[in-house]
Amino acid sequence: MAEAHGKLTGRPGVCMVTRAPGAANASIGVHTAFQDSTPMILLIGQVGRDMVEREAFQEVDYRRMFAPFAKWVAQIDDVSRVAEFVMRAYAVAMSGRPGPVVLALPEDMLTDSAPAVPSQKVVVARTGQPTASDLAPLQQALAKAVKPLLLIGGSTWSDAGLQDIRDFATRQQIPLACAFRRQDLCDNRHASYVGEVGIGINPELAQAVRDCDLLLAVGTRLGEMVTSGYTLLDVPLPRQTLVHVLPSADELGRVYQPAIALQSSLDGFAHACAGLAPVAAPDQAGRSAWQRQLRANYQRYIEPPYRDVRLDPARVITCLRERLEPDAVVTNGAGNYSAWAHRYHQFSSSHSQLAPTSGAMGYGVPAAIAAKLHAPHRQVICLAGDGCFLMTSQELATVRQNRLAIVFIVFNNGMYGTIRMHQENHYPGHTLGTDLFNPDFVAYAASFGIAGERVDHTEAFESALTRALACSGSYLIELAIEPEVLSPRATLSGLRQAALRANA
Ligand SMILES: Cc1ncc(C[n+]2csc(CCOP(=O)(O)OP(=O)(O)O)c2C)c(N)n1
């Protein structure tokens, strides 16, 4: 919840947990905040200073535990320095590339007293924008490009910055793609938008990333998910002219050496670019054709082909796409079910997608709670696989306690489908530990006082959704998905047969 709050507001959500077991439970959230570049603060209880280093009850050295995936880990040993540490925690969490900060609080320090120290709300200004001379090489690259591609991602955009970058793309005729699980950075219905560069990438878009002559990556790390496992660009020198813009310098040139590396606030960069006069490309017609082609590819990709199955997850998502309000928040965790959402849903307003780029299962339920608490007037839809849902569904208690109206959609295929897919791919017919024994999800929701129903064929979904959206409280729809419907592209038996043939 704290991580999702940070994603929604740009300010750290604060999570307080007990010693080691609490810290271990919170670690997925800290890791997600790290990979997703989200500001967050975790406060952890610590043993008294008089017992430290004895492996006292639930004692852990949090500096070592969180070192690889927190921006800063510290322990407040002196009560008179609490304000200093807390203000610094906010500053570190929000500055540069945002991320999580962990503060350990020794038990005896918490009962010490000290005179109050003045503190104030920490505000990190995201200023800093390239000058005209900084942008000159970019303008030269744009003037030469026939197949440019703009890829945006990251976490420090304002709505004004997003508007600027979209205007820039439109005026310069540059197709705009969003990075993995950052699809809400651009209205997907906008003519410049050409899709998500993520795990289930449209093969035609993947080819476009390979083929483009200028890749303008703004705000996004070029990590494994965005580069299809570091295959879309050559390491370390991409064939495409790479312009990489990030708010902090440490990721620039980490894997890929850009032709132009710019450390800049994202809004500042977008604002500067929006002011650039349109560049006359050498082959204007070719550039327009490239833009139209990519948009057409995207539009084709989001229309589900006919599939002869009882309940088609693609049709479920296209129904959501048609029925939800434009600012509805859609959350999910990890699993094959999310591939349908990423492919077929269209996000049309900022902060409408809460999804972990870290790939953490169980994210959707607490993220939906954070969203509904933050914006009670918005529709909030949580998508979850059965495995994913069972990781955090005890939070239905929090939903009920706070009387929140969230629609939960559980894709129940009776298995950890993603892992089963890998097993069938690599060891066809040999499956291990991927079958799930599930509760009756509708009865489970009812035990929390939450209404719901089970849907087992495509045509029944829309009326179930109507009831869910009309419900004054939360509502759970369990989708009875056939295991055979393994992913948007594959069936279980088809995958197994293909792997058997390949191994023969
Ligand atoms: C906390 C966590 N544990 C394990 C994994 C590895 N993992 C990724 S997807 C997946 C299975 C997801 O199953 P389910 O939620 O039922 O969705 P499905 O793939 O069946 O659609 C697992 C175990 C993970 N990403 N996060």
# chains A, B, ... in the order shown; residues from 1 in each chain; ligands from 1
>>> closest_atom_pairs(of="chain A", to="ligand 1", cutoff="7 Å", atoms="only C-alpha atoms and all ligand atoms", output="Markdown table")
| residue | atom | partner | partner_atom_place_in_ligand_line | distance |
| --- | --- | --- | --- | --- |
| A:Ala334 | CA | ligand 1 | 9 (S) | 5.1 |
| A:Gly335 | CA | ligand 1 | 19 (O) | 3.5 |
| A:Asn336 | CA | ligand 1 | 21 (O) | 3.8 |
| A:Tyr337 | CA | ligand 1 | 21 (O) | 3.8 |
| A:Ser338 | CA | ligand 1 | 21 (O) | 6.8 |
| A:Gly359 | CA | ligand 1 | 25 (N) | 5.0 |
| A:Ala360 | CA | ligand 1 | 26 (N) | 4.1 |
| A:Met361 | CA | ligand 1 | 26 (N) | 3.9 |
| A:Gly362 | CA | ligand 1 | 1 (C) | 6.4 |
| A:Ala384 | CA | ligand 1 | 15 (O) | 6.2 |
| A:Gly385 | CA | ligand 1 | 15 (O) | 3.5 |
| A:Asp386 | CA | ligand 1 | 16 (O) | 4.2 |
| A:Gly387 | CA | ligand 1 | 16 (O) | 3.6 |
| A:Cys388 | CA | ligand 1 | 15 (O) | 3.6 |
| A:Phe389 | CA | ligand 1 | 15 (O) | 6.5 |
| A:Phe411 | CA | ligand 1 | 21 (O) | 6.7 |
| A:Asn412 | CA | ligand 1 | 16 (O) | 6.8 |
| A:Asn413 | CA | ligand 1 | 20 (O) | 6.0 |
| A:Gly414 | CA | ligand 1 | 16 (O) | 7.0 |
| A:Met415 | CA | ligand 1 | 20 (O) | 5.3 |
| A:Tyr416 | CA | ligand 1 | 13 (O) | 3.5 |
| A:Gly417 | CA | ligand 1 | 20 (O) | 3.2 |
| A:Thr418 | CA | ligand 1 | 19 (O) | 3.8 |
| A:Ile419 | CA | ligand 1 | 11 (C) | 5.6 |
>>> closest_atom_pairs(of="stretch 120-184 of chain A", to="stretch 189-193 of chain A", cutoff="12 Å", atoms="only C-alpha atoms", output="JSON lines")
{"residue": "A:Leu149", "atom": "CA", "partner": "A:Ser192", "partner_atom": "CA", "distance": 10.3}
{"residue": "A:Leu150", "atom": "CA", "partner": "A:Tyr193", "partner_atom": "CA", "distance": 9.6}
{"residue": "A:Leu151", "atom": "CA", "partner": "A:Tyr193", "partner_atom": "CA", "distance": 10.0}
{"residue": "A:Ile152", "atom": "CA", "partner": "A:Tyr193", "partner_atom": "CA", "distance": 10.7}
{"residue": "A:Gln163", "atom": "CA", "partner": "A:His190", "partner_atom": "CA", "distance": 11.4}
{"residue": "A:Ile165", "atom": "CA", "partner": "A:Ser192", "partner_atom": "CA", "distance": 10.7}
{"residue": "A:Arg166", "atom": "CA", "partner": "A:Ser192", "partner_atom": "CA", "distance": 7.6}
{"residue": "A:Asp167", "atom": "CA", "partner": "A:Ser192", "partner_atom": "CA", "distance": 9.3}
{"residue": "A:Phe168", "atom": "CA", "partner": "A:Ser192", "partner_atom": "CA", "distance": 10.1}
{"residue": "A:Ala169", "atom": "CA", "partner": "A:Ser192", "partner_atom": "CA", "distance": 6.8}
{"residue": "A:Thr170", "atom": "CA", "partner": "A:Ser192", "partner_atom": "CA", "distance": 6.1}
{"residue": "A:Arg171", "atom": "CA", "partner": "A:Ser192", "partner_atom": "CA", "distance": 9.8}
{"residue": "A:Gln172", "atom": "CA", "partner": "A:Ser192", "partner_atom": "CA", "distance": 10.3}
{"residue": "A:Gln173", "atom": "CA", "partner": "A:Ser192", "partner_atom": "CA", "distance": 7.7}
{"residue": "A:Ile174", "atom": "CA", "partner": "A:Ser192", "partner_atom": "CA", "distance": 7.1}
{"residue": "A:Pro175", "atom": "CA", "partner": "A:Ser192", "partner_atom": "CA", "distance": 5.1}
{"residue": "A:Leu176", "atom": "CA", "partner": "A:Tyr193", "partner_atom": "CA", "distance": 4.8}
{"residue": "A:Ala177", "atom": "CA", "partner": "A:Tyr193", "partner_atom": "CA", "distance": 5.8}
{"residue": "A:Cys178", "atom": "CA", "partner": "A:Tyr193", "partner_atom": "CA", "distance": 8.1}
{"residue": "A:Ala179", "atom": "CA", "partner": "A:Tyr193", "partner_atom": "CA", "distance": 11.7}
{"residue": "A:Gln183", "atom": "CA", "partner": "A:Tyr193", "partner_atom": "CA", "distance": 9.7}
{"residue": "A:Asp184", "atom": "CA", "partner": "A:Arg189", "partner_atom": "CA", "distance": 10.9}
>>> residues_around(residues="A:Val209", least_positions_apart="4", cutoff="10 Å", atoms="only C-alpha atoms", output="list of chain:residue names")
A:Lys147, A:Pro148, A:Leu149, A:Leu150, A:Leu151, A:Ala177, A:Val197, A:Pro203, A:Glu204, A:Leu205, A:Asp213, A:Leu214, A:Leu215, A:Thr227, A:Leu232, A:Leu233, A:Gln240
>>> write_last_selection(atoms="C-alpha atoms", output="PDB file, in the first residue's frame")
ATOM      1  CA  LYS A 147      12.238   6.199 -38.146  1.00  0.00           C
ATOM      2  CA  PRO A 148      12.392   7.842 -34.721  1.00  0.00           C
ATOM      3  CA  LEU A 149      10.739   6.271 -31.688  1.00  0.00           C
ATOM      4  CA  LEU A 150      10.010   7.900 -28.344  1.00  0.00           C
ATOM      5  CA  LEU A 151       9.895   5.565 -25.341  1.00  0.00           C
ATOM      6  CA  ALA A 177       5.558   4.009 -26.798  1.00  0.00           C
ATOM      7  CA  VAL A 197       7.468  -1.993 -24.680  1.00  0.00           C
ATOM      8  CA  PRO A 203       6.225  -8.454 -32.128  1.00  0.00           C
ATOM      9  CA  GLU A 204       5.746  -5.675 -34.671  1.00  0.00           C
ATOM     10  CA  LEU A 205       6.576  -3.063 -32.041  1.00  0.00           C
ATOM     11  CA  ASP A 213      17.084   4.920 -36.411  1.00  0.00           C
ATOM     12  CA  LEU A 214      16.615   7.169 -33.366  1.00  0.00           C
ATOM     13  CA  LEU A 215      15.484   5.851 -29.983  1.00  0.00           C
ATOM     14  CA  THR A 227      14.592  -4.586 -23.906  1.00  0.00           C
ATOM     15  CA  LEU A 232      16.246  -5.204 -28.765  1.00  0.00           C
ATOM     16  CA  LEU A 233      19.386  -3.099 -28.570  1.00  0.00           C
ATOM     17  CA  GLN A 240      20.024   2.883 -33.165  1.00  0.00           C
TER      18      GLN A 240
END
>>> select_by_dssp(residues="stretch 322-415 of chain A", states="alpha helix (DSSP H)", output="count of residues only")
34
>>> residues_around(residues="A:Gly29", least_positions_apart="5", cutoff="12 Å", atoms="only C-alpha atoms", output="PyMOL selection string")
chain A and resi 1-6+13-17+22-24+34-42+66+69-70+99-102+333+356-364+366-367
>>> select_by_dssp(residues="stretch 11-104 of chain A", states="strand (DSSP E or B)", output="ChimeraX atom specification")
/A:13-17,40-46,72-75,100-104
>>> write_last_selection(atoms="N, CA and C atoms", output="mmCIF file, in the first residue's frame")
data_model
loop_
_atom_site.group_PDB
_atom_site.id
_atom_site.type_symbol
_atom_site.label_atom_id
_atom_site.label_comp_id
_atom_site.auth_asym_id
_atom_site.auth_seq_id
_atom_site.Cartn_x
_atom_site.Cartn_y
_atom_site.Cartn_z
ATOM 1 N N GLY A 13 4.864 6.902 0.613
ATOM 2 C CA GLY A 13 3.960 6.270 1.560
ATOM 3 C C GLY A 13 4.837 5.784 2.708
ATOM 4 N N VAL A 14 4.300 5.813 3.920
ATOM 5 C CA VAL A 14 5.096 5.382 5.079
ATOM 6 C C VAL A 14 4.509 4.086 5.613
ATOM 7 N N CYS A 15 5.373 3.093 5.761
ATOM 8 C CA CYS A 15 4.948 1.793 6.266
ATOM 9 C C CYS A 15 5.697 1.526 7.570
ATOM 10 N N MET A 16 4.977 1.105 8.617
ATOM 11 C CA MET A 16 5.638 0.807 9.891
ATOM 12 C C MET A 16 5.481 -0.677 10.185
ATOM 13 N N VAL A 17 6.583 -1.327 10.482
ATOM 14 C CA VAL A 17 6.511 -2.767 10.766
ATOM 15 C C VAL A 17 7.339 -3.108 12.005
ATOM 16 N N MET A 40 9.333 5.854 -0.975
ATOM 17 C CA MET A 40 8.667 5.117 0.109
ATOM 18 C C MET A 40 9.555 5.159 1.344
ATOM 19 N N ILE A 41 8.953 5.139 2.525
ATOM 20 C CA ILE A 41 9.736 5.090 3.766
ATOM 21 C C ILE A 41 9.243 3.910 4.601
ATOM 22 N N LEU A 42 10.177 3.084 5.012
ATOM 23 C CA LEU A 42 9.836 1.957 5.889
ATOM 24 C C LEU A 42 10.460 2.201 7.262
ATOM 25 N N LEU A 43 9.622 2.189 8.309
ATOM 26 C CA LEU A 43 10.115 2.326 9.677
ATOM 27 C C LEU A 43 10.042 0.957 10.337
ATOM 28 N N ILE A 44 11.170 0.517 10.895
ATOM 29 C CA ILE A 44 11.214 -0.824 11.488
ATOM 30 C C ILE A 44 11.634 -0.717 12.948
ATOM 31 N N GLY A 45 10.944 -1.470 13.805
ATOM 32 C CA GLY A 45 11.379 -1.558 15.199
ATOM 33 C C GLY A 45 12.715 -2.287 15.269
ATOM 34 N N GLN A 46 13.550 -1.899 16.226
ATOM 35 C CA GLN A 46 14.853 -2.564 16.392
ATOM 36 C C GLN A 46 15.061 -2.857 17.881
ATOM 37 N N TRP A 72 18.652 4.233 0.925
ATOM 38 C CA TRP A 72 19.389 4.614 2.135
ATOM 39 C C TRP A 72 18.799 3.815 3.281
ATOM 40 N N VAL A 73 19.674 3.229 4.104
ATOM 41 C CA VAL A 73 19.226 2.504 5.297
ATOM 42 C C VAL A 73 19.977 3.082 6.487
ATOM 43 N N ALA A 74 19.258 3.449 7.506
ATOM 44 C CA ALA A 74 19.924 4.048 8.668
ATOM 45 C C ALA A 74 19.196 3.634 9.937
ATOM 46 N N GLN A 75 19.866 3.873 11.032
ATOM 47 C CA GLN A 75 19.266 3.580 12.343
ATOM 48 C C GLN A 75 19.355 4.870 13.168
ATOM 49 N N PRO A 100 13.095 3.653 -2.119
ATOM 50 C CA PRO A 100 12.748 3.433 -0.719
ATOM 51 C C PRO A 100 13.882 3.777 0.249
ATOM 52 N N VAL A 101 13.487 4.254 1.419
ATOM 53 C CA VAL A 101 14.423 4.507 2.515
ATOM 54 C C VAL A 101 13.955 3.685 3.709
ATOM 55 N N VAL A 102 14.900 3.101 4.418
ATOM 56 C CA VAL A 102 14.562 2.277 5.589
ATOM 57 C C VAL A 102 15.190 2.909 6.825
ATOM 58 N N LEU A 103 14.384 3.118 7.857
ATOM 59 C CA LEU A 103 14.913 3.639 9.122
ATOM 60 C C LEU A 103 14.604 2.642 10.235
ATOM 61 N N ALA A 104 15.645 2.224 10.949
ATOM 62 C CA ALA A 104 15.445 1.321 12.094
ATOM 63 C C ALA A 104 15.382 2.154 13.372
#
>>> residues_around(residues="stretch 451-453 of chain A", least_positions_apart="4", cutoff="6 Å", atoms="only C-alpha atoms", output="PDB file with N, CA and C atoms, in the first residue's frame")
ATOM      1  N   VAL A 442     -15.865 -16.916  -4.123  1.00  0.00           N
ATOM      2  CA  VAL A 442     -17.061 -16.107  -3.838  1.00  0.00           C
ATOM      3  C   VAL A 442     -17.443 -16.266  -2.362  1.00  0.00           C
ATOM      4  N   ALA A 446     -17.389 -13.551   0.643  1.00  0.00           N
ATOM      5  CA  ALA A 446     -18.585 -13.398   1.487  1.00  0.00           C
ATOM      6  C   ALA A 446     -18.221 -13.468   2.969  1.00  0.00           C
ATOM      7  N   TYR A 475     -16.872  -5.858  -4.533  1.00  0.00           N
ATOM      8  CA  TYR A 475     -17.514  -6.967  -5.250  1.00  0.00           C
ATOM      9  C   TYR A 475     -16.422  -7.819  -5.863  1.00  0.00           C
ATOM     10  N   LEU A 476     -16.567  -9.116  -5.748  1.00  0.00           N
ATOM     11  CA  LEU A 476     -15.557 -10.011  -6.332  1.00  0.00           C
ATOM     12  C   LEU A 476     -16.175 -10.828  -7.466  1.00  0.00           C
ATOM     13  N   ILE A 477     -15.519 -10.798  -8.609  1.00  0.00           N
ATOM     14  CA  ILE A 477     -15.943 -11.659  -9.723  1.00  0.00           C
ATOM     15  C   ILE A 477     -14.870 -12.717  -9.913  1.00  0.00           C
TER      16      ILE A 477
END
>>> closest_residue(among="A:Gly200, A:Pro278, A:Gly449, A:Gly286", to="A:Arg489", atoms="only C-alpha atoms")
A:Gly200
>>> closest_residue(among="A:Val316, A:Asp435, A:Arg501, A:Leu404", to="A:Leu383", atoms="only C-alpha atoms")
A:Val316
>>> atom_distance(atom1="atom CA of A:Leu222", atom2="atom CA of A:Glu251")
8.7 Å
>>> atom_distance(atom1="atom CA of A:Tyr306", atom2="atom CA of A:Arg454")
22.9 Å
